[in-house]
Structure formats: structure tokens, C-alpha cells
Amino acid sequence: MSNHSASHDHAAVHDHAHGGLGKYIAVFAALCFLTTMSFFTYSPAWPWRDQPQVGWAFMMAVSCTKALLVVLFFMHVWWEANWKYVLTIPAAMMALFLVIMLVPDIGMRNRMVSQERAIHMARPADVLLLQKAQEAGHSEAAAH
Amino acid sequence: MSAPAISAPHDHGHGDGHHGHIHLQYQPGLPLSRGKLIMWLFLSTEIMFFAALLGSYIVLRFGAAVWPKPHHVHLSEPLGAFNTFVLICSSVTVVLALEAAKANKTSLAKIWMLATLLLGALFLGVKAYEYQAKFAHGIFPQAPHGLIYERPDLYYGSAVRDRLDNLRKVPVSQVPAALRLPDDTKAKPGDTVDVLKRLDEAPEGSLNAEQQRARTAFQLVQKMVMNLDQQAYDMAVIADQVAPLPSEGAAGAAGHGGGHGINDAFPWLRLPMVIPGGNMWASTYFLLTGFHAVHVAVGLIVFTVLLGYTLGPKNAGMIENAGLYWHFVDLVWIFLFPVLYLF
């Protein structure tokens with residue numbers, strides 16, 4: 001099985017079945033639209049600015065849709081035979097396990113912290129303190 | 001499509017008569033070329049590689065007590081969105097290059113391939129610009145300790161004081177150009193200069209309005225760190241004078257502007273600054289975007305090599321494999337962009 005015959009077969013058999021400029025342009029337009037959508041969460045017009053979780057869920061949904069479009073159409077997975085499941089599903093599951101395995105030690109690392117770490121780690125109160133100092137500085141500058 | 005497989009004789013034990021014979025068995029091959037199979041195997045390891053990186057980032061980020069807002073670390077969302085657009089365009093051009101090659105339009109394929117190469121280079125250029133903006137603000141991971149401090153506390157105050165002490169003995173060769181005096185040229189090796197004093201005594205006309213403001217703040221900080229028996233609030237004031245956290249929307253284009261601190265007006269002072277959660281942020285940001293940038297660079301090398309071939313149906317398999325890799329790199333960025341810039 002040479003590369004030549006493989007690609008030739010591919011070109012001869014599949015080209016009429018899938019691909020085509022129109023389809024790629026459509027996917028491109030969809031990707032651009034979806035990127036604008038996730039960027040929309042950054043704009044002042046986004047209605048859930050005080051609930052970041054809504055934006056996170058929305059952006060993850062948008063990203064997964066974009067990833068699916070790229071994988072299915074640009075990477076031609078839509079037209080591939082069943083081997084695609086053998087490679088992608090175990091890898092995706094492994095990827096998920098890798099993340100979940102980090103949760104107890106890393107994700108929950110701040111539930112119980114040593115005294116030493118507590119001394120040095122940032123706290124939300126520090127951000128407030130910095131903002132307070134900044135506001136005081138601004139009003140002082142305005143007074144002068 | 002079937003690949004012939006050679007199977008060795010199993011009956012070593014008894015059949016002497018069969019010795020030396022080879023049975024040929026036909027086994028069905030996978031319906032894809034070997035190159036593509038290997039590329040997909042490689043990509044499945046890459047899925048796990050980036051999932052581990054991205055997953056660690058998400059787990060670290062949501063497990064952290066404080067995480068900096070994008071504008072605190074001078075991230076520019078419009079630049080990130082622009083880079084997303086650039087990579088999507090490059091994914092389209094590589095698909096078009098493959099289609100053109102399959103249709104034996106070799107010169108058209110080469111144009112699309114060149115466009116992909118240029119778009120990839122543009123992505124890396126924007127990324128380099130963003131990195132430079134971070135470095136200019138003193139944001140980078142560094143051992144044993146970079147400029148970023150987590151809290152405005154006594155440790156931070158003493159770090160500022162240590163840095164100020166160091167600035168009292170700066171080798172003449174390292175004195176910033178703006179603070180050089182004609183006499184400095186006569187200095188002997190080993191001579192040092194008190195650059196703080198020079199900054200204090202710099203004539204009014206030599207500093208612009210921003211630097212003038214920064215010098216006032218700088219004198220305040222010097223006065224404050226004389227006595228470290230102070231309240232956390234005073235440390236916050238020092239931190240705010242050195243490098244105030246930019247307010248929302250102030251990061252602006254490329255993360256420049258926004259800051260009116262001492263470090264912004266006199267970057268060479270390199271005073272320690274406070275960004276709560278900033279160290280972990282810097283580590284994850286540079287690790288994630290760095291590994292992604294390395295992948296982009298590898299893709300650019302592959303495209304450069306491919307440009308040396310005739311991009312016809314004969315080499316379509318190579319373009320397809322390079323394209324698969326490139327789409328994967330695009331895919332990773334599709335997740336990196338919202339997670340790093342918009343979360």
C-alpha cells in the first residue's frame with residue numbers, strides 16, 4: 001500500500017462525497033461567529049456580568065462546539081470509518097481521568113492549609129485591601 | 001484495502017516436513033494510510049498531553065483562594081480573540097491547500113500552504129508581542145522569587161526595602177542612561193552609584209509628567225519602608241504606588257497603559273510588586289501558551305519543509321497529516337483562549 005495509491009483512492013472515491021469549498025466556508029463562518037460569541041461575554045452588553053459561572057459554562061459550550069466543528073470537518077473525522085472511535089474515545093476518557101485525579105490533592109489544596117502556607121498565600125481580603133489603597137490614592141490625587 | 005501479513009509457521013514442535021515453509025495469510029488492514037494512522041496515534045497522546053496541562057490549570061485556578069483578573073496581569077482580550085481568528089483562518093488555508101493538491105492544482109496548493117505559514121508566523125508574532133508586554137511589567141515565573149508578591153504584607157515590605165538597598169550601590173556601567181552624568185565615564189571598575197539619590201535629585205525638567213508623578217510616589221515609598229513596623233494597609237499603599245492593579249478595561253491594547261506606578265515609569269527599578277495569585281497565574285500561563293507556541297513553531301517548520309515539495313496528489317497524504325497536526329494545534333487554542341483570557 002503506497003502513499004500514492006492511498007491518496008489517489010482517497011481523492012477518487014471520497015472527493016465527491018465530502019469536502020467542497022462551500023462546506024469549508026460554512027464551517028469557517030460558523031467558527032468566526034462562535035469566536036465572536038465567546039468574545040461577547042467580555043463585552044459590557046453581556047447580561048450576566050455579575051455571575052461569572054454563566055459566562056464560563058457558555059464559553060465552554062462554545063469551545064466544545066468549535067472543537068467539534070474543527071475535528072469533524074477540517075480533520076475529516078465525520079467521513080472516517082469506525083477506527084476514529086478507537087483512538088479518540090479512550091484518549092478523551094484518559095484526558096478526563098487525568099483532570100479528575102488532580103482534584104483531591106490540587107483542587108482541594110486550600111481546604112486544609114498549614115500555618116506556614118496560610119501566612120504566604122493570597123486571600124480575597126488582600127485584593128480588597130489593594131483596591132482600598134488605590135481608591136484612597138485616587139481621591140487624594142483628586143484633592144490636590 | 002488489505003495489507004498482506006506474513007505469519008511464521010506455528011508448528012515448530014512436530015511437523016518437520018513443514019520446516020522452512022511460510023504461510024501467507026491475508027489480514028484486513030485499517031482503512032487509512034500508515035502515515036495517517038501514526039499521526040492519529042500521536043494526536044491521541046497529544047490530547048492527553050494538553051488535557052493534563054489545561055486540566056491542571058483549571059484545577060489550580062478553581063482551587064486557588066485568589067486568582068488574578070485578566071486585566072490585573074495585563075492580558076489583552078482583543079489580541080487573544082485576534083489570534084484565535086488567525087489560527088482559524090490558517091486551518092481553512094491548510095484545508096484548501098489539501099483540496100488544491102488533490103485536484104492537482106500544485107501552484108494553488110503552494111499559495112495556500114504559504115498563506116498557512118504566514119498566518120502561523122503572525123500568530124507567533126502576536127504571541128511574542130504579548131509575552132514582551134508581560135515581561136515589561138515584570139510578570140514572569142522566576143526562582144527563587146520573581147517580582148510578584150502574593151500579599152501586601154511585611155515580607156513584601158522588606159523585599160521592597162532590600163531592593164532599594166541594592167539600588168544604593170549600582171555599578172556605574174549599569175546606571176540607566178537617563179541618570180548618567182558626564183563624570184561617570186571616568187569611573188574605575190568597581191565604582192558604584194546611588195541611583196536612588198540620582199533619581200531624587202534629577203532636575204525637574206528631565207522628567208515627564210508621568211515620571212514626575214512616579215518620583216513623588218517613589219519618595220513616599222522610600223519614606224514608608226524606612227519603618228517596617230506597619231499595618232497591612234500601609235503595605236497595600238506601597239504596593240499601589242509601585243504597581244497599581246489596573247482597573248477593568250484599563251489593560252487596553254496589548255496590556256500596555258493602565259499602570260501609573262513607579263515600575264511603569266521607571267521599569268529599571270524593578271521593585272517587587274503585589275499581584276494576588278500572580279505567581280501561579282504566571283507559571284500556568286507561560287507553561288500553557290509556551291507549549292502551544294512550541295507546537296505552532298513545529299507546525300511552521302513542517303510547512304516550510306512541505307513548501308519544498310510539489311504539492312500534487314502524490315504528496316496529498318503528507319499535506320493531510322501536516323494538516324491534521326495543525327488543526328489539533330488550532331483546537332488547543334480554541335480551549336486556551338477562553339480559559340486563559342476570558343475566565
# chains A, B, ... in the order shown; residues from 1 in each chain; ligands from 1

$ residues_around --residues "stretch 102-116 of chain A" --least-positions-apart "3" --cutoff "9 Å" --atoms "only C-alpha atoms" --output "list of chain:residue names"
A:Phe97, A:Leu98, A:Val99, A:Ile119, A:His120, A:Met121, B:Gly55, B:Ser56, B:Ile58, B:Val59, B:Leu60, B:Arg61, B:Phe62, B:Gly63, B:Ala64, B:Ala65

$ write_last_selection --atoms "N, CA, C and O atoms" --output "short mmCIF file (atom, residue, chain, number, x, y, z; two decimals), in the first residue's frame"
data_model
loop_
_atom_site.label_atom_id
_atom_site.label_comp_id
_atom_site.auth_asym_id
_atom_site.auth_seq_id
_atom_site.Cartn_x
_atom_site.Cartn_y
_atom_site.Cartn_z
N PHE A 97 -9.83 11.57 33.08
CA PHE A 97 -9.30 10.98 34.32
C PHE A 97 -8.12 11.79 34.85
O PHE A 97 -7.99 12.02 36.05
N LEU A 98 -7.26 12.20 33.91
CA LEU A 98 -6.08 12.98 34.32
C LEU A 98 -6.50 14.20 35.13
O LEU A 98 -5.87 14.54 36.13
N VAL A 99 -7.58 14.84 34.69
CA VAL A 99 -8.04 16.05 35.37
C VAL A 99 -8.68 15.69 36.71
O VAL A 99 -8.38 16.30 37.73
N ILE A 119 0.27 31.85 55.93
CA ILE A 119 0.92 33.15 56.10
C ILE A 119 1.20 33.78 54.74
O ILE A 119 1.09 34.98 54.56
N HIS A 120 1.58 32.93 53.76
CA HIS A 120 2.07 33.47 52.50
C HIS A 120 1.05 33.50 51.37
O HIS A 120 1.28 34.18 50.38
N MET A 121 -0.03 32.73 51.49
CA MET A 121 -0.93 32.67 50.33
C MET A 121 -1.84 33.90 50.26
O MET A 121 -2.17 34.52 51.27
N GLY B 55 -6.13 20.83 32.15
CA GLY B 55 -6.84 20.37 33.33
C GLY B 55 -6.16 20.85 34.60
O GLY B 55 -6.82 21.30 35.54
N SER B 56 -4.81 20.78 34.63
CA SER B 56 -4.10 21.27 35.82
C SER B 56 -4.39 22.75 36.02
O SER B 56 -4.59 23.22 37.13
N ILE B 58 -7.06 24.42 35.10
CA ILE B 58 -8.42 24.64 35.59
C ILE B 58 -8.53 24.25 37.07
O ILE B 58 -9.11 24.97 37.89
N VAL B 59 -7.91 23.10 37.42
CA VAL B 59 -7.98 22.64 38.80
C VAL B 59 -7.23 23.61 39.72
O VAL B 59 -7.70 23.95 40.81
N LEU B 60 -6.07 24.08 39.27
CA LEU B 60 -5.31 25.04 40.08
C LEU B 60 -6.08 26.34 40.24
O LEU B 60 -6.14 26.94 41.31
N ARG B 61 -6.69 26.77 39.12
CA ARG B 61 -7.36 28.05 39.12
C ARG B 61 -8.57 28.06 40.04
O ARG B 61 -8.76 28.97 40.83
N PHE B 62 -9.39 26.98 39.95
CA PHE B 62 -10.60 26.98 40.77
C PHE B 62 -10.32 26.52 42.19
O PHE B 62 -11.17 26.68 43.06
N GLY B 63 -9.13 25.96 42.42
CA GLY B 63 -8.78 25.61 43.79
C GLY B 63 -8.08 26.75 44.52
O GLY B 63 -7.83 26.66 45.71
N ALA B 64 -7.74 27.80 43.77
CA ALA B 64 -6.98 28.89 44.38
C ALA B 64 -7.91 29.81 45.16
O ALA B 64 -9.06 30.02 44.77
N ALA B 65 -7.38 30.36 46.26
CA ALA B 65 -8.19 31.29 47.05
C ALA B 65 -8.41 32.58 46.27
O ALA B 65 -9.48 33.18 46.31
#

$ interface_residues --of "chain B" --to "chain A" --cutoff "7 Å" --atoms "only C-alpha atoms" --output "ChimeraX atom specification"
/B:3,33,41,44,47-48,51-52,55-56,59-60,62-66,81,85,92,95,102,150-152,233,236-237,240,276-277,313-314,316-317,324,327,331,334-335,338,342-343

$ write_last_selection --atoms "N, CA and C atoms" --output "compact mmCIF listing (two decimals), in the first residue's frame"
# COMPACT_ATOMS: atom_id res chain seq x y z
N ALA B 3 -3.70 -5.40 3.60
CA ALA B 3 -2.25 -5.50 3.63
C ALA B 3 -1.87 -6.95 3.87
N SER B 33 -4.12 5.25 5.58
CA SER B 33 -2.70 5.05 5.29
C SER B 33 -1.92 4.98 6.59
N LEU B 41 -2.41 8.35 16.09
CA LEU B 41 -1.91 7.82 17.37
C LEU B 41 -1.17 8.91 18.13
N SER B 44 -3.56 11.33 19.57
CA SER B 44 -4.27 10.86 20.77
C SER B 44 -3.39 11.02 22.01
N ILE B 47 -3.70 14.71 22.81
CA ILE B 47 -4.95 15.04 23.51
C ILE B 47 -4.71 14.94 25.01
N MET B 48 -4.05 13.84 25.43
CA MET B 48 -3.81 13.63 26.86
C MET B 48 -2.81 14.65 27.39
N ALA B 51 -4.64 17.92 27.62
CA ALA B 51 -5.70 17.82 28.62
C ALA B 51 -5.10 17.89 30.01
N ALA B 52 -3.93 17.28 30.20
CA ALA B 52 -3.28 17.34 31.51
C ALA B 52 -2.88 18.77 31.84
N GLY B 55 -6.13 20.83 32.15
CA GLY B 55 -6.84 20.37 33.33
C GLY B 55 -6.16 20.85 34.60
N SER B 56 -4.81 20.78 34.63
CA SER B 56 -4.10 21.27 35.82
C SER B 56 -4.39 22.75 36.02
N VAL B 59 -7.91 23.10 37.42
CA VAL B 59 -7.98 22.64 38.80
C VAL B 59 -7.23 23.61 39.72
N LEU B 60 -6.07 24.08 39.27
CA LEU B 60 -5.31 25.04 40.08
C LEU B 60 -6.08 26.34 40.24
N PHE B 62 -9.39 26.98 39.95
CA PHE B 62 -10.60 26.98 40.77
C PHE B 62 -10.32 26.52 42.19
N GLY B 63 -9.13 25.96 42.42
CA GLY B 63 -8.78 25.61 43.79
C GLY B 63 -8.08 26.75 44.52
N ALA B 64 -7.74 27.80 43.77
CA ALA B 64 -6.98 28.89 44.38
C ALA B 64 -7.91 29.81 45.16
N ALA B 65 -7.38 30.36 46.26
CA ALA B 65 -8.19 31.29 47.05
C ALA B 65 -8.41 32.58 46.27
N VAL B 66 -7.38 33.01 45.54
CA VAL B 66 -7.47 34.24 44.74
C VAL B 66 -6.82 33.96 43.40
N ALA B 81 -8.46 37.26 20.99
CA ALA B 81 -9.51 36.95 20.01
C ALA B 81 -8.94 37.04 18.59
N PHE B 85 -8.77 34.13 15.67
CA PHE B 85 -9.19 34.32 14.28
C PHE B 85 -8.07 33.92 13.32
N VAL B 92 -8.30 26.93 7.78
CA VAL B 92 -9.01 26.90 6.49
C VAL B 92 -8.01 26.83 5.34
N VAL B 95 -6.66 23.37 4.82
CA VAL B 95 -7.67 22.51 4.20
C VAL B 95 -7.74 22.79 2.69
N LYS B 102 -5.07 17.76 -4.06
CA LYS B 102 -5.80 16.59 -4.56
C LYS B 102 -6.28 16.82 -5.98
N GLU B 150 2.51 37.87 46.65
CA GLU B 150 1.10 37.49 46.72
C GLU B 150 0.28 38.46 47.57
N ARG B 151 0.93 39.00 48.61
CA ARG B 151 0.16 39.80 49.57
C ARG B 151 0.93 41.05 49.95
N PRO B 152 0.22 42.12 50.24
CA PRO B 152 0.90 43.31 50.75
C PRO B 152 1.17 43.15 52.24
N TYR B 233 -2.34 47.77 55.70
CA TYR B 233 -2.86 48.80 54.80
C TYR B 233 -1.73 49.64 54.22
N ALA B 236 -0.18 47.89 51.48
CA ALA B 236 -1.02 47.98 50.29
C ALA B 236 -0.79 49.32 49.59
N VAL B 237 -0.56 50.37 50.38
CA VAL B 237 -0.28 51.68 49.78
C VAL B 237 1.05 51.62 49.02
N ASP B 240 0.53 49.76 45.88
CA ASP B 240 -0.24 50.55 44.92
C ASP B 240 0.64 51.63 44.27
N PRO B 276 -2.11 39.46 43.80
CA PRO B 276 -2.58 38.26 44.49
C PRO B 276 -2.85 37.12 43.49
N GLY B 277 -2.25 35.96 43.74
CA GLY B 277 -2.40 34.81 42.84
C GLY B 277 -1.54 34.91 41.59
N PRO B 313 -1.30 15.43 -6.09
CA PRO B 313 -1.98 14.29 -5.46
C PRO B 313 -1.01 13.31 -4.83
N LYS B 314 0.21 13.22 -5.39
CA LYS B 314 1.19 12.27 -4.88
C LYS B 314 1.57 12.60 -3.44
N ALA B 316 -0.38 14.45 -1.38
CA ALA B 316 -1.55 14.89 -0.61
C ALA B 316 -1.58 14.25 0.78
N GLY B 317 -1.06 13.02 0.88
CA GLY B 317 -1.04 12.35 2.18
C GLY B 317 -0.22 13.13 3.20
N LEU B 324 -3.67 17.63 9.77
CA LEU B 324 -4.27 17.07 10.98
C LEU B 324 -3.59 17.64 12.22
N HIS B 327 -4.58 21.34 12.64
CA HIS B 327 -5.94 21.51 13.16
C HIS B 327 -5.95 21.23 14.66
N LEU B 331 -7.16 23.53 17.60
CA LEU B 331 -8.12 23.01 18.58
C LEU B 331 -7.71 23.36 20.01
N ILE B 334 -8.38 26.90 20.72
CA ILE B 334 -9.81 27.15 20.88
C ILE B 334 -10.20 27.03 22.35
N PHE B 335 -9.53 26.12 23.08
CA PHE B 335 -9.80 26.00 24.52
C PHE B 335 -8.95 26.96 25.34
N PRO B 338 -10.52 31.03 25.60
CA PRO B 338 -11.48 31.42 26.64
C PRO B 338 -10.97 31.16 28.04
N LEU B 342 -10.60 34.85 29.13
CA LEU B 342 -11.95 35.32 29.43
C LEU B 342 -12.48 34.78 30.76
N PHE B 343 -11.80 33.77 31.34
CA PHE B 343 -12.31 33.19 32.60
C PHE B 343 -12.03 34.11 33.76

$ atom_distance --atom1 "atom CA of B:Ile111" --atom2 "atom CA of B:Leu98"
11.3 Å

$ atom_distance --atom1 "atom CA of B:Ala243" --atom2 "atom CA of B:Val73"
11.0 Å

$ atom_distance --atom1 "atom CA of B:Ile238" --atom2 "atom CA of B:Val221"
5.7 Å

$ select_by_dssp --residues "stretch 5-125 of chain A" --states "alpha helix (DSSP H)" --output "MDAnalysis selection string"
chainID A and resid 5:14 21:40 52:69 83:102 115:120 124:125

$ closest_residue --among "B:Ala159, B:Leu199, B:Leu75, B:Val298" --to "B:Trp268" --atoms "only C-alpha atoms"
B:Leu199

$ decode --residues "stretch 280-296 of chain B" --atoms "all heavy atoms" --output "short mmCIF file (atom, residue, chain, number, x, y, z; two decimals), in the first residue's frame"
data_model
loop_
_atom_site.label_atom_id
_atom_site.label_comp_id
_atom_site.auth_asym_id
_atom_site.auth_seq_id
_atom_site.Cartn_x
_atom_site.Cartn_y
_atom_site.Cartn_z
N MET B 280 1.20 31.84 40.57
CA MET B 280 0.63 30.64 39.97
C MET B 280 0.08 30.96 38.59
O MET B 280 0.20 30.17 37.65
CB MET B 280 -0.47 30.09 40.88
CG MET B 280 -0.99 28.75 40.46
SD MET B 280 0.28 27.50 40.55
CE MET B 280 0.03 26.89 42.21
N TRP B 281 -0.50 32.13 38.46
CA TRP B 281 -1.02 32.54 37.16
C TRP B 281 0.11 32.56 36.13
O TRP B 281 -0.03 32.02 35.03
CB TRP B 281 -1.68 33.92 37.23
CG TRP B 281 -2.20 34.31 35.89
CD1 TRP B 281 -3.41 33.99 35.37
CD2 TRP B 281 -1.48 35.01 34.86
NE1 TRP B 281 -3.49 34.46 34.07
CE2 TRP B 281 -2.34 35.07 33.75
CE3 TRP B 281 -0.21 35.57 34.78
CZ2 TRP B 281 -1.95 35.69 32.56
CZ3 TRP B 281 0.17 36.19 33.60
CH2 TRP B 281 -0.70 36.24 32.50
N ALA B 282 1.23 33.19 36.50
CA ALA B 282 2.35 33.32 35.55
C ALA B 282 2.88 31.94 35.17
O ALA B 282 3.13 31.66 33.98
CB ALA B 282 3.46 34.17 36.16
N SER B 283 3.00 31.05 36.16
CA SER B 283 3.52 29.71 35.86
C SER B 283 2.61 29.00 34.86
O SER B 283 3.08 28.44 33.87
CB SER B 283 3.60 28.87 37.14
OG SER B 283 4.46 29.49 38.06
N THR B 284 1.30 29.01 35.12
CA THR B 284 0.39 28.27 34.25
C THR B 284 0.29 28.95 32.88
O THR B 284 0.29 28.28 31.86
CB THR B 284 -1.01 28.15 34.88
OG1 THR B 284 -1.44 29.43 35.28
CG2 THR B 284 -0.98 27.22 36.06
N TYR B 285 0.21 30.27 32.88
CA TYR B 285 0.07 30.98 31.60
C TYR B 285 1.25 30.70 30.68
O TYR B 285 1.07 30.36 29.51
CB TYR B 285 -0.06 32.49 31.86
CG TYR B 285 -0.02 33.32 30.59
CD1 TYR B 285 -1.16 33.47 29.81
CD2 TYR B 285 1.15 33.94 30.17
CE1 TYR B 285 -1.14 34.22 28.65
CE2 TYR B 285 1.18 34.70 29.01
CZ TYR B 285 0.04 34.83 28.26
OH TYR B 285 0.07 35.57 27.10
N PHE B 286 2.46 30.83 31.22
CA PHE B 286 3.62 30.64 30.35
C PHE B 286 3.80 29.17 29.97
O PHE B 286 4.27 28.87 28.87
CB PHE B 286 4.88 31.21 31.01
CG PHE B 286 4.91 32.71 30.96
CD1 PHE B 286 4.73 33.46 32.10
CD2 PHE B 286 5.09 33.37 29.76
CE1 PHE B 286 4.74 34.84 32.05
CE2 PHE B 286 5.10 34.75 29.69
CZ PHE B 286 4.92 35.48 30.85
N LEU B 287 3.43 28.27 30.88
CA LEU B 287 3.53 26.84 30.54
C LEU B 287 2.56 26.48 29.41
O LEU B 287 2.94 25.87 28.41
CB LEU B 287 3.24 25.99 31.78
CG LEU B 287 3.66 24.53 31.66
CD1 LEU B 287 5.17 24.41 31.70
CD2 LEU B 287 3.04 23.70 32.76
N LEU B 288 1.31 26.90 29.57
CA LEU B 288 0.29 26.54 28.57
C LEU B 288 0.57 27.19 27.23
O LEU B 288 0.64 26.52 26.19
CB LEU B 288 -1.11 26.94 29.07
CG LEU B 288 -1.94 25.83 29.69
CD1 LEU B 288 -1.32 25.35 30.98
CD2 LEU B 288 -3.34 26.30 29.95
N THR B 289 0.71 28.51 27.24
CA THR B 289 0.92 29.20 25.96
C THR B 289 2.28 28.84 25.38
O THR B 289 2.44 28.80 24.17
CB THR B 289 0.79 30.72 26.13
OG1 THR B 289 1.72 31.15 27.11
CG2 THR B 289 -0.60 31.12 26.53
N GLY B 290 3.26 28.58 26.25
CA GLY B 290 4.59 28.21 25.76
C GLY B 290 4.57 26.89 25.03
O GLY B 290 5.09 26.78 23.92
N PHE B 291 3.93 25.87 25.63
CA PHE B 291 3.86 24.57 24.95
C PHE B 291 3.06 24.69 23.66
O PHE B 291 3.40 24.06 22.65
CB PHE B 291 3.23 23.51 25.87
CG PHE B 291 4.26 22.75 26.65
CD1 PHE B 291 4.28 22.76 28.03
CD2 PHE B 291 5.23 22.01 25.99
CE1 PHE B 291 5.23 22.07 28.75
CE2 PHE B 291 6.18 21.31 26.70
CZ PHE B 291 6.19 21.34 28.08
N HIS B 292 2.01 25.50 23.71
CA HIS B 292 1.24 25.69 22.48
C HIS B 292 2.09 26.38 21.41
O HIS B 292 2.08 25.96 20.25
CB HIS B 292 -0.02 26.49 22.77
CG HIS B 292 -0.88 26.69 21.57
ND1 HIS B 292 -0.85 27.85 20.84
CD2 HIS B 292 -1.75 25.87 20.95
CE1 HIS B 292 -1.68 27.72 19.83
NE2 HIS B 292 -2.24 26.54 19.87
N ALA B 293 2.84 27.38 21.82
CA ALA B 293 3.69 28.11 20.85
C ALA B 293 4.75 27.18 20.26
O ALA B 293 5.07 27.27 19.06
CB ALA B 293 4.34 29.31 21.53
N VAL B 294 5.29 26.27 21.08
CA VAL B 294 6.27 25.30 20.56
C VAL B 294 5.61 24.44 19.48
O VAL B 294 6.20 24.18 18.43
CB VAL B 294 6.82 24.43 21.71
CG1 VAL B 294 7.58 23.23 21.16
CG2 VAL B 294 7.72 25.24 22.61
N HIS B 295 4.36 24.04 19.73
CA HIS B 295 3.65 23.24 18.73
C HIS B 295 3.43 24.04 17.44
O HIS B 295 3.54 23.50 16.35
CB HIS B 295 2.31 22.75 19.29
CG HIS B 295 2.44 21.53 20.15
ND1 HIS B 295 2.96 21.57 21.41
CD2 HIS B 295 2.17 20.23 19.90
CE1 HIS B 295 2.98 20.35 21.91
NE2 HIS B 295 2.51 19.52 21.01
N VAL B 296 3.09 25.32 17.61
CA VAL B 296 2.92 26.16 16.42
C VAL B 296 4.24 26.24 15.65
O VAL B 296 4.27 26.09 14.43
CB VAL B 296 2.44 27.58 16.82
CG1 VAL B 296 2.45 28.51 15.62
CG2 VAL B 296 1.06 27.51 17.43
#
